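Here is run36.cif, consisting of mmCIF, C-alpha atoms:
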data_model
loop_
_atom_site.label_atom_id
_atom_site.label_comp_id
_atom_site.auth_asym_id
_atom_site.auth_seq_id
_atom_site.Cartn_x
_atom_site.Cartn_y
_atom_site.Cartn_z
CA MET L 5 85.45 57.74 66.96
CA PRO L 6 88.65 58.14 69.03
CA THR L 7 88.20 61.86 69.64
CA SER L 8 84.63 61.37 70.86
CA ASN L 9 85.62 58.50 73.12
CA ALA L 10 88.46 60.51 74.69
CA SER L 11 86.11 63.41 75.31
CA ASP L 12 83.48 61.14 76.84
CA ALA L 13 86.08 59.51 79.08
CA SER L 14 87.40 62.86 80.23
CA THR L 15 83.89 64.15 81.00
CA GLU L 16 83.06 60.98 82.92
CA SER L 17 86.29 61.23 84.92
CA ALA L 18 85.72 64.89 85.74
CA SER L 19 82.19 64.34 87.02
CA LYS L 20 82.54 61.00 88.81
CA PRO L 21 81.99 60.94 92.56
CA ALA L 22 85.00 61.59 94.78
CA ALA L 23 85.91 59.42 97.76
CA SER L 24 84.15 61.94 100.00
CA GLY L 25 80.88 61.46 98.12
CA GLY L 26 81.21 64.82 96.35
CA VAL L 27 82.11 65.65 92.75
CA GLN L 28 85.76 64.93 92.06
CA SER L 29 86.31 67.80 89.61
CA LEU L 30 84.98 70.31 92.16
CA GLU L 31 87.22 68.96 94.90
CA ARG L 32 90.20 69.15 92.56
CA ALA L 33 89.38 72.70 91.49
CA PHE L 34 89.14 73.94 95.08
CA ASP L 35 92.34 72.08 95.95
CA LEU L 36 94.13 73.90 93.10
CA LEU L 37 92.80 77.27 94.30
CA GLU L 38 94.11 76.57 97.80
CA ARG L 39 97.48 75.49 96.41
CA MET L 40 97.65 78.74 94.44
CA ALA L 41 96.93 80.71 97.62
CA ASP L 42 99.62 78.78 99.51
CA ALA L 43 102.09 79.61 96.73
CA GLY L 44 101.41 83.35 97.01
CA GLY L 45 98.58 83.58 94.46
CA GLU L 46 100.48 82.93 91.22
CA VAL L 47 101.78 79.61 89.86
CA GLY L 48 102.58 77.72 86.69
CA LEU L 49 100.85 74.52 85.56
CA SER L 50 103.98 72.42 86.16
CA GLU L 51 104.18 73.68 89.76
CA LEU L 52 100.53 72.74 90.34
CA SER L 53 101.10 69.33 88.79
CA ALA L 54 104.13 68.68 91.00
CA SER L 55 102.37 69.75 94.21
CA SER L 56 98.99 68.12 93.52
CA GLY L 57 100.09 64.96 91.72
CA LEU L 58 97.48 65.54 89.01
CA PRO L 59 98.41 65.15 85.33
CA LEU L 60 98.94 68.32 83.31
CA PRO L 61 95.94 67.75 80.97
CA THR L 62 93.61 67.49 83.99
CA ILE L 63 95.01 70.65 85.57
CA HIS L 64 94.82 72.51 82.24
CA ARG L 65 91.15 71.59 81.84
CA LEU L 66 90.29 72.68 85.39
CA MET L 67 92.24 75.93 85.07
CA ARG L 68 90.54 76.72 81.77
CA THR L 69 87.17 76.44 83.53
CA LEU L 70 88.34 78.60 86.46
CA VAL L 71 89.64 81.24 84.03
CA ALA L 72 86.33 81.24 82.13
CA THR L 73 84.41 81.83 85.37
CA GLY L 74 86.74 84.59 86.61
CA TYR L 75 88.16 82.78 89.62
CA VAL L 76 91.59 82.52 88.02
CA ARG L 77 93.41 84.80 85.56
CA GLN L 78 96.04 83.80 83.02
CA GLN L 79 98.96 86.20 83.06
CA PRO L 80 100.89 87.37 79.95
CA ASN L 81 103.77 85.12 81.10
CA ARG L 82 101.38 82.12 80.85
CA ARG L 83 101.31 81.66 84.62
CA TYR L 84 98.01 81.65 86.49
CA SER L 85 96.91 83.94 89.33
CA LEU L 86 93.90 84.06 91.63
CA GLY L 87 91.10 86.05 90.03
CA PRO L 88 89.02 89.03 91.22
CA ARG L 89 85.77 87.08 91.67
CA LEU L 90 87.33 85.43 94.71
CA ILE L 91 87.49 88.80 96.47
CA ARG L 92 83.69 89.03 96.84
CA LEU L 93 83.53 85.48 98.16
CA GLY L 94 86.32 86.17 100.63
CA GLU L 95 84.76 89.39 101.90
CA SER L 96 81.39 87.69 102.42
CA ALA L 97 83.03 84.75 104.18
CA SER L 98 84.98 87.11 106.46
CA ARG L 99 81.78 88.89 107.46
CA LEU L 100 80.09 85.58 108.24
CA LEU L 101 83.09 84.41 110.25
CA GLY L 102 82.89 87.61 112.26
CA THR L 103 79.16 87.08 112.82
CA TRP L 104 79.69 83.54 114.07
CA ALA L 105 82.46 84.74 116.39
CA ARG L 106 80.56 87.59 118.02
CA PRO L 107 78.84 85.54 120.79
CA TYR L 108 82.24 84.16 121.80
CA LEU L 109 83.79 87.61 121.80
CA ALA L 110 80.88 88.85 123.92
CA ARG L 111 81.68 86.13 126.43
CA LEU L 112 85.29 87.26 126.51
CA VAL L 113 84.15 90.80 127.31
CA GLU L 114 81.88 89.52 130.07
CA GLU L 115 84.61 87.42 131.67
CA THR L 116 87.62 89.73 131.20
CA GLY L 117 86.04 93.19 131.10
CA GLU L 118 88.16 94.16 128.06
CA THR L 119 87.45 94.71 124.37
CA ALA L 120 87.56 91.47 122.37
CA ASN L 121 88.61 91.13 118.72
CA MET L 122 88.88 88.52 116.01
CA ALA L 123 91.44 88.85 113.21
CA LEU L 124 92.53 86.93 110.11
CA LEU L 125 95.72 86.88 108.08
CA ASP L 126 94.80 88.19 104.62
CA GLY L 127 97.82 88.02 102.35
CA ASP L 128 100.59 89.76 104.27
CA GLU L 129 98.27 91.84 106.46
CA ILE L 130 96.13 91.37 109.53
CA VAL L 131 92.46 92.26 109.04
CA TYR L 132 90.05 92.65 111.97
CA VAL L 133 86.73 90.95 111.18
CA ALA L 134 84.82 91.29 114.47
CA GLN L 135 84.88 93.24 117.71
CA VAL L 136 82.83 93.48 120.89
CA PRO L 137 83.75 96.58 122.93
CA SER L 138 84.41 96.70 126.66
CA LYS L 139 81.84 98.27 128.94
CA HIS L 140 84.53 100.42 130.59
CA SER L 141 84.47 104.13 129.80
CA MET L 142 88.18 103.84 128.93
CA ARG L 143 88.32 101.10 126.28
CA MET L 144 90.11 100.16 123.10
CA PHE L 145 88.46 100.43 119.70
CA THR L 146 89.71 98.77 116.52
CA GLU L 147 87.58 99.39 113.47
CA VAL L 148 86.30 96.18 111.86
CA GLY L 149 87.95 95.95 108.46
CA ARG L 150 91.09 97.72 109.67
CA ARG L 151 94.34 96.31 108.28
CA VAL L 152 97.65 96.35 110.12
CA LEU L 153 101.05 94.71 109.70
CA PRO L 154 101.58 91.52 111.72
CA HIS L 155 104.88 92.42 113.42
CA SER L 156 103.40 95.02 115.77
CA THR L 157 100.28 93.18 116.95
CA GLY L 158 99.42 90.35 119.33
CA VAL L 159 97.05 88.79 116.80
CA GLY L 160 99.83 88.95 114.19
CA LYS L 161 102.16 87.02 116.47
CA ALA L 162 99.44 84.49 117.28
CA LEU L 163 98.60 83.97 113.62
CA LEU L 164 102.22 83.53 112.52
CA SER L 165 103.37 81.47 115.49
CA GLY L 166 102.99 78.21 113.57
CA THR L 167 104.46 79.48 110.29
CA PRO L 168 107.92 78.25 109.20
CA ALA L 169 110.71 80.77 109.85
CA ASP L 170 111.64 81.17 106.18
CA GLU L 171 108.04 82.08 105.30
CA VAL L 172 107.92 84.60 108.15
CA ARG L 173 111.17 86.17 106.93
CA ALA L 174 109.79 86.40 103.39
CA LEU L 175 106.62 88.09 104.66
CA LEU L 176 108.59 90.60 106.75
CA ALA L 177 110.82 91.36 103.77
CA ARG L 178 107.72 92.19 101.71
CA THR L 179 105.99 94.33 104.34
CA GLY L 180 108.95 95.94 106.08
CA MET L 181 108.89 96.41 109.85
CA PRO L 182 108.07 100.08 110.52
CA ALA L 183 107.97 101.15 114.16
CA ALA L 184 104.50 102.11 115.40
CA THR L 185 105.99 102.95 118.84
CA GLU L 186 109.43 102.78 120.42
CA LYS L 187 108.52 99.28 121.67
CA THR L 188 107.66 97.82 118.24
CA ILE L 189 109.82 94.88 117.18
CA THR L 190 111.69 96.03 114.07
CA THR L 191 114.05 93.14 113.24
CA PRO L 192 113.23 89.71 111.78
CA GLU L 193 115.32 87.97 114.45
CA GLY L 194 113.50 89.83 117.22
CA PHE L 195 110.14 88.85 115.74
CA LEU L 196 111.13 85.20 115.31
CA ASP L 197 112.25 85.17 118.96
CA ALA L 198 108.84 86.56 119.90
CA LEU L 199 107.12 83.77 117.93
CA THR L 200 109.18 81.20 119.83
CA GLU L 201 107.89 82.74 123.07
CA VAL L 202 104.31 82.51 121.76
CA ARG L 203 104.69 78.81 121.01
CA GLN L 204 106.20 78.17 124.45
CA ALA L 205 103.67 80.25 126.40
CA GLY L 206 100.57 79.42 124.33
CA TYR L 207 99.60 83.06 123.85
CA ALA L 208 100.93 86.29 122.32
CA VAL L 209 101.41 89.73 123.85
CA ASP L 210 101.44 93.17 122.27
CA ASP L 211 103.02 95.23 125.03
CA ASN L 212 102.69 98.88 123.92
CA GLU L 213 103.98 97.83 120.48
CA GLN L 214 101.05 99.06 118.37
CA GLU L 215 99.98 101.91 120.63
CA ILE L 216 101.56 103.29 123.79
CA GLY L 217 99.45 102.59 126.86
CA VAL L 218 97.70 99.57 125.33
CA ARG L 219 98.35 95.88 125.98
CA CYS L 220 96.84 93.05 123.97
CA LEU L 221 96.71 89.30 124.64
CA ALA L 222 95.96 86.96 121.73
CA VAL L 223 95.67 83.26 120.92
CA PRO L 224 95.15 81.42 117.62
CA VAL L 225 91.85 79.65 117.00
CA PRO L 226 92.86 75.98 116.67
CA ASP L 227 91.98 74.21 113.41
CA SER L 228 90.10 77.23 112.07
CA PRO L 229 89.05 76.80 108.39
CA THR L 230 91.12 79.91 107.73
CA ALA L 231 93.90 81.09 110.07
CA ALA L 232 92.22 83.16 112.80
CA ALA L 233 93.09 84.62 116.19
CA ILE L 234 91.09 86.19 119.01
CA SER L 235 92.35 88.78 121.46
CA ILE L 236 91.50 91.15 124.24
CA SER L 237 92.97 94.64 124.47
CA GLY L 238 92.86 97.30 127.12
CA PRO L 239 94.85 99.95 128.98
CA ALA L 240 98.21 98.69 130.22
CA GLY L 241 97.14 99.69 133.74
CA ARG L 242 94.34 97.09 133.63
CA VAL L 243 95.91 94.37 131.46
CA THR L 244 98.72 93.77 133.94
CA GLU L 245 100.86 90.66 134.46
CA ALA L 246 98.50 89.58 137.25
CA ALA L 247 95.47 90.08 135.00
CA THR L 248 97.24 88.17 132.20
CA GLU L 249 97.40 85.02 134.35
CA LYS L 250 93.61 85.10 134.73
CA ILE L 251 92.76 86.20 131.18
CA VAL L 252 94.89 83.77 129.14
CA PRO L 253 93.06 80.58 130.24
CA ILE L 254 89.75 82.25 129.37
CA LEU L 255 91.08 83.23 125.93
CA GLN L 256 92.30 79.69 125.30
CA GLN L 257 89.01 78.14 126.40
CA VAL L 258 86.92 80.48 124.24
CA ALA L 259 89.23 79.87 121.25
CA ALA L 260 88.79 76.10 121.66
CA GLU L 261 84.99 76.43 121.84
CA LEU L 262 84.96 78.75 118.81
CA SER L 263 87.06 76.20 116.92
CA VAL L 264 84.43 73.50 117.57
CA ALA L 265 81.63 75.84 116.51
CA LEU L 266 83.39 76.76 113.25
CA ALA L 267 84.08 73.09 112.49
CA ASN L 268 80.40 72.25 113.01
CA THR L 269 79.34 75.16 110.81
CA ASN L 270 81.84 74.09 108.15
CA GLY L 271 80.54 70.56 108.12
CA SER L 272 76.84 71.35 108.16
#

Any chance you could put this one into structure tokens?
Amino acid sequence: MPTSNASDASTESASKPAASGGVQSLERAFDLLERMADAGGEVGLSELSASSGLPLPTIHRLMRTLVATGYVRQQPNRRYSLGPRLIRLGESASRLLGTWARPYLARLVEETGETANMALLDGDEIVYVAQVPSKHSMRMFTEVGRRVLPHSTGVGKALLSGTPADEVRALLARTGMPAATEKTITTPEGFLDALTEVRQAGYAVDDNEQEIGVRCLAVPVPDSPTAAAISISGPAGRVTEAATEKIVPILQQVAAELSVALANTNGS
């Protein structure tokens, strides 16, 4: 019968192997979730169809499955948003990412003498996922799990340095730019200028902008499966311009090695 044949064809299409050797429907579902995240977490079916190139019936079937499993929610306005079950997955993944990073952060501490951190961009906020403290009696502590706004941190600048200017402006409009100290950048133009400097220099600086007396140097982790940055922070009297020249190459080298390690973990 026609209805049965259509159903069989759709089931066969959804479960056939993808070019990568995996299951095509799974690859498509994860692609849609990532597109939703890129769009701010809420989209309509027509937007997903336009961005993914998939036909509406295929997207509707996949979204229905994601809604049934709790990974997507359908809003009263018929649009779709990322669902609460993703939170647990994200938190577990963040902890694992921090665990994988710790040996590299420990090396940073050994080679620079300062506290080393790893941070991710979670929505509009920076979240610290790992830290190895300095052995100095005077050292900087940032609680793992702490959330801060990007505009006043070195890791925030590093993480946003490759983001288009209009997206950065939109983020700053949502978060505001409150001053943590008198040195905090509080205008979108000032922050965009700082991001230009990061791209030119290859590293970011928080110079007393989050806390007076503290300097932070940060670099993005290249090709990380999720946008990540590593940093060192210490008293401004130790993290001087002269120290910066020695520390930045170490940061960049460790970030490159961490990138390779994460790629190998991701592919295993």

Correct to one decimal, the distance atom CA of Gly74 of chain L-atom CA of Leu37 of chain L is 12.2 Å

Notebook entry, point to check: Using only C-alpha atoms, what residues lie at most 9 Å away from (91.2, 76.2, 122.1) (file coordinates), given as a ChimeraX atom specification?
Noted result: /L:223-227,255-264

So that I have them on file, write out the residues from the current selection with C-alpha atoms, as a PDB file, in the coordinates of the input.
ATOM      1  CA  VAL L 223      95.670  83.260 120.920  1.00  0.00           C
ATOM      2  CA  PRO L 224      95.150  81.420 117.620  1.00  0.00           C
ATOM      3  CA  VAL L 225      91.850  79.650 117.000  1.00  0.00           C
ATOM      4  CA  PRO L 226      92.860  75.980 116.670  1.00  0.00           C
ATOM      5  CA  ASP L 227      91.980  74.210 113.410  1.00  0.00           C
ATOM      6  CA  LEU L 255      91.080  83.230 125.930  1.00  0.00           C
ATOM      7  CA  GLN L 256      92.300  79.690 125.300  1.00  0.00           C
ATOM      8  CA  GLN L 257      89.010  78.140 126.400  1.00  0.00           C
ATOM      9  CA  VAL L 258      86.920  80.480 124.240  1.00  0.00           C
ATOM     10  CA  ALA L 259      89.230  79.870 121.250  1.00  0.00           C
ATOM     11  CA  ALA L 260      88.790  76.100 121.660  1.00  0.00           C
ATOM     12  CA  GLU L 261      84.990  76.430 121.840  1.00  0.00           C
ATOM     13  CA  LEU L 262      84.960  78.750 118.810  1.00  0.00           C
ATOM     14  CA  SER L 263      87.060  76.200 116.920  1.00  0.00           C
ATOM     15  CA  VAL L 264      84.430  73.500 117.570  1.00  0.00           C
TER      16      VAL L 264
END

Could you write out as a PDB file with C-alpha atoms, keeping the file's coordinate frame the residues that the PyMOL selection byres ((chain L and resi 152) around 9) matches in the shown file?
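Result written to part-v6.pdb:
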ATOM      1  CA  GLU L 129      98.270  91.840 106.460  1.00  0.00           C
ATOM      2  CA  ILE L 130      96.130  91.370 109.530  1.00  0.00           C
ATOM      3  CA  VAL L 131      92.460  92.260 109.040  1.00  0.00           C
ATOM      4  CA  TYR L 132      90.050  92.650 111.970  1.00  0.00           C
ATOM      5  CA  ARG L 150      91.090  97.720 109.670  1.00  0.00           C
ATOM      6  CA  ARG L 151      94.340  96.310 108.280  1.00  0.00           C
ATOM      7  CA  LEU L 153     101.050  94.710 109.700  1.00  0.00           C
ATOM      8  CA  PRO L 154     101.580  91.520 111.720  1.00  0.00           C
ATOM      9  CA  HIS L 155     104.880  92.420 113.420  1.00  0.00           C
ATOM     10  CA  SER L 156     103.400  95.020 115.770  1.00  0.00           C
ATOM     11  CA  THR L 157     100.280  93.180 116.950  1.00  0.00           C
ATOM     12  CA  GLY L 160      99.830  88.950 114.190  1.00  0.00           C
TER      13      GLY L 160
END

Judged by all atoms listed in the file, the minimum distance to Gly87 of chain L among L:Leu125, L:Met40, L:Tyr108, L:Thr116 is found for L:Met40

Counting all atoms listed in the file, the residue among L:Thr146, L:Ser141, L:Thr188, L:Ser235 that lies closest to Gln214 of chain L is L:Thr188

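Considering only C-alpha atoms, the residue among L:Ser85, L:Gln28, L:Thr119, L:Thr185 positioned nearest to Ile216 of chain L is L:Thr185.
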
Q: Determine, counting only C-alpha atoms, which protein, DNA and RNA residues have an atom within 12 Å of an atom of Glu38 of chain L; residues of the same chain fewer than 4 positions away are not included. Present the result as an NGL selection string.
A: :L and (31-34 or 42-47 or 52 or 55-56 or 75-76 or 85-86 or 90 or 229-230)

Generate the output file for the selected residues, C-alpha atoms, as a PDB file, in the coordinates of the input.
ATOM      1  CA  GLU L  31      87.220  68.960  94.900  1.00  0.00           C
ATOM      2  CA  ARG L  32      90.200  69.150  92.560  1.00  0.00           C
ATOM      3  CA  ALA L  33      89.380  72.700  91.490  1.00  0.00           C
ATOM      4  CA  PHE L  34      89.140  73.940  95.080  1.00  0.00           C
ATOM      5  CA  ASP L  42      99.620  78.780  99.510  1.00  0.00           C
ATOM      6  CA  ALA L  43     102.090  79.610  96.730  1.00  0.00           C
ATOM      7  CA  GLY L  44     101.410  83.350  97.010  1.00  0.00           C
ATOM      8  CA  GLY L  45      98.580  83.580  94.460  1.00  0.00           C
ATOM      9  CA  GLU L  46     100.480  82.930  91.220  1.00  0.00           C
ATOM     10  CA  VAL L  47     101.780  79.610  89.860  1.00  0.00           C
ATOM     11  CA  LEU L  52     100.530  72.740  90.340  1.00  0.00           C
ATOM     12  CA  SER L  55     102.370  69.750  94.210  1.00  0.00           C
ATOM     13  CA  SER L  56      98.990  68.120  93.520  1.00  0.00           C
ATOM     14  CA  TYR L  75      88.160  82.780  89.620  1.00  0.00           C
ATOM     15  CA  VAL L  76      91.590  82.520  88.020  1.00  0.00           C
ATOM     16  CA  SER L  85      96.910  83.940  89.330  1.00  0.00           C
ATOM     17  CA  LEU L  86      93.900  84.060  91.630  1.00  0.00           C
ATOM     18  CA  LEU L  90      87.330  85.430  94.710  1.00  0.00           C
ATOM     19  CA  PRO L 229      89.050  76.800 108.390  1.00  0.00           C
ATOM     20  CA  THR L 230      91.120  79.910 107.730  1.00  0.00           C
TER      21      THR L 230
END

Please evaluate the PyMOL selection byres ((chain L and resi 61-64) around 9) against the structure above and give the resulting residues as a tab-separated table (two decimals) with C-alpha atoms, in the coordinates of the input.
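So the final result, stored in part03.tsv, reads:
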chain	number	residue	atom	x	y	z
L	14	SER	CA	87.40	62.86	80.23
L	18	ALA	CA	85.72	64.89	85.74
L	32	ARG	CA	90.20	69.15	92.56
L	33	ALA	CA	89.38	72.70	91.49
L	36	LEU	CA	94.13	73.90	93.10
L	49	LEU	CA	100.85	74.52	85.56
L	52	LEU	CA	100.53	72.74	90.34
L	53	SER	CA	101.10	69.33	88.79
L	58	LEU	CA	97.48	65.54	89.01
L	59	PRO	CA	98.41	65.15	85.33
L	60	LEU	CA	98.94	68.32	83.31
L	65	ARG	CA	91.15	71.59	81.84
L	66	LEU	CA	90.29	72.68	85.39
L	67	MET	CA	92.24	75.93	85.07
L	68	ARG	CA	90.54	76.72	81.77
L	69	THR	CA	87.17	76.44	83.53

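Here the question is which of L:Leu175, L:Thr190, L:Ala247, L:Arg39 gets nearest to Ala54 of chain L using all atoms listed in the file, and that residue is L:Arg39.
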